[in-house]
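A.B. asks: I'm passing along target34.csv; it holds CSV, C-alpha atoms.
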chain,number,residue,atom,x,y,z
A,191,MET,CA,0.0,0.0,0.0
A,192,PHE,CA,2.6,2.6,1.1
A,193,GLN,CA,6.2,2.3,0.0
A,194,GLY,CA,8.7,2.0,2.8
A,195,ILE,CA,6.0,1.6,5.5
A,196,GLU,CA,5.6,-1.7,7.2
A,197,GLU,CA,2.1,-3.3,7.1
A,198,LYS,CA,1.8,-3.3,10.9
A,199,GLN,CA,2.1,0.5,10.9
A,200,VAL,CA,-0.9,0.9,8.6
A,201,ASP,CA,-3.0,-1.3,10.8
A,202,LEU,CA,-2.3,0.7,14.0
A,203,SER,CA,-5.0,3.2,15.0
A,204,LEU,CA,-4.2,6.9,14.8
A,205,ARG,CA,-4.2,7.1,18.6
A,206,GLU,CA,-1.5,4.4,18.8
A,207,LEU,CA,0.5,6.1,16.1
A,208,ILE,CA,0.4,9.4,18.0
A,209,ALA,CA,1.3,7.8,21.3
A,210,GLN,CA,4.3,6.1,19.6
A,211,LYS,CA,5.2,9.4,17.8
A,212,ASP,CA,5.3,7.5,14.6
A,213,LEU,CA,5.4,10.3,12.0
A,214,LYS,CA,5.7,8.1,9.0
A,215,GLY,CA,2.7,6.0,10.2
A,216,ILE,CA,0.7,9.2,10.9
A,217,GLU,CA,1.6,10.6,7.4
A,218,ALA,CA,0.4,7.3,5.8
A,219,HIS,CA,-2.8,7.4,7.8
A,220,LEU,CA,-3.5,10.9,6.7
A,221,ARG,CA,-2.7,10.3,3.1
A,222,GLU,CA,-5.0,7.3,3.0
A,223,GLY,CA,-7.8,9.2,4.6
A,224,ILE,CA,-7.5,12.1,2.3
A,225,SER,CA,-7.3,9.8,-0.7
A,226,GLN,CA,-10.5,8.0,0.4
A,227,TYR,CA,-12.3,11.3,1.0
A,228,LEU,CA,-11.3,12.7,-2.4
A,229,ASP,CA,-12.7,9.6,-4.1
A,230,SER,CA,-15.9,9.7,-2.1
A,231,ASP,CA,-19.4,10.7,-3.0
A,232,THR,CA,-19.4,13.2,-0.2
A,233,PHE,CA,-16.6,15.2,-1.8
A,234,LYS,CA,-18.2,15.0,-5.3
A,235,ASN,CA,-21.5,16.2,-3.8
A,236,TYR,CA,-19.6,19.1,-2.2
A,237,LEU,CA,-18.0,20.0,-5.5
A,238,ASP,CA,-21.4,19.9,-7.3
A,239,PHE,CA,-22.9,22.2,-4.5
A,240,ALA,CA,-20.0,24.6,-4.7
A,241,CYS,CA,-20.3,24.9,-8.4
A,242,ARG,CA,-24.0,25.6,-8.3
A,243,VAL,CA,-23.6,28.2,-5.4
A,244,SER,CA,-20.8,30.0,-7.2
A,245,THR,CA,-22.8,30.5,-10.4
A,246,VAL,CA,-25.8,31.8,-8.4
A,247,PHE,CA,-23.8,34.4,-6.5
A,248,LEU,CA,-21.5,35.6,-9.2
A,249,PRO,CA,-22.1,39.3,-10.2
A,250,LYS,CA,-23.8,39.7,-13.6
Write out the structure in this file as structure tokens.
C.D. replies:
Amino acid sequence: MFQGIEEKQVDLSLRELIAQKDLKGIEAHLREGISQYLDSDTFKNYLDFACRVSTVFLPK
């Protein structure tokens, strides 16, 4: 999944990663979370909404 990061680090919870001060594990956790969010329907719905709102409030 992540290059140079052991599989056990990916399985640890964020709380454990912080307690261990495992910066590479925290970075991997954040990257995975952001990647999942950007690929989600929630983000796509937000972009659709932002596009519609910006066209409504643009000066004519």
A.B. asks: Which residues of segment 216-246 of chain A come within 9 Å of segment 203-212 of chain A, and for each one, what is the closest pair of atoms and their distance in Å to one decimal, counting all atoms listed in the file, sorted by chain and residue number, as a tab-separated table?
C.D. replies:
residue	atom	partner	partner_atom	distance
A:Ile216	CA	A:Leu207	CA	6.1
A:Glu217	CA	A:Asp212	CA	8.7
A:His219	CA	A:Leu204	CA	7.2
A.B. asks: Which neighbours of Leu220 of chain A fall inside 12 Å, counting only C-alpha atoms, when residues of the same chain fewer than 5 positions from it are skipped, and could you give them as a count of residues only?
C.D. replies: 11
A.B. asks: I'd like the interatomic distance between atom CA of Leu237 of chain A and atom CA of Ile224 of chain A, to a tenth of an Å.
C.D. replies: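 Interatomic distance, atom CA of Leu237 of chain A to atom CA of Ile224 of chain A: 15.3 Å.
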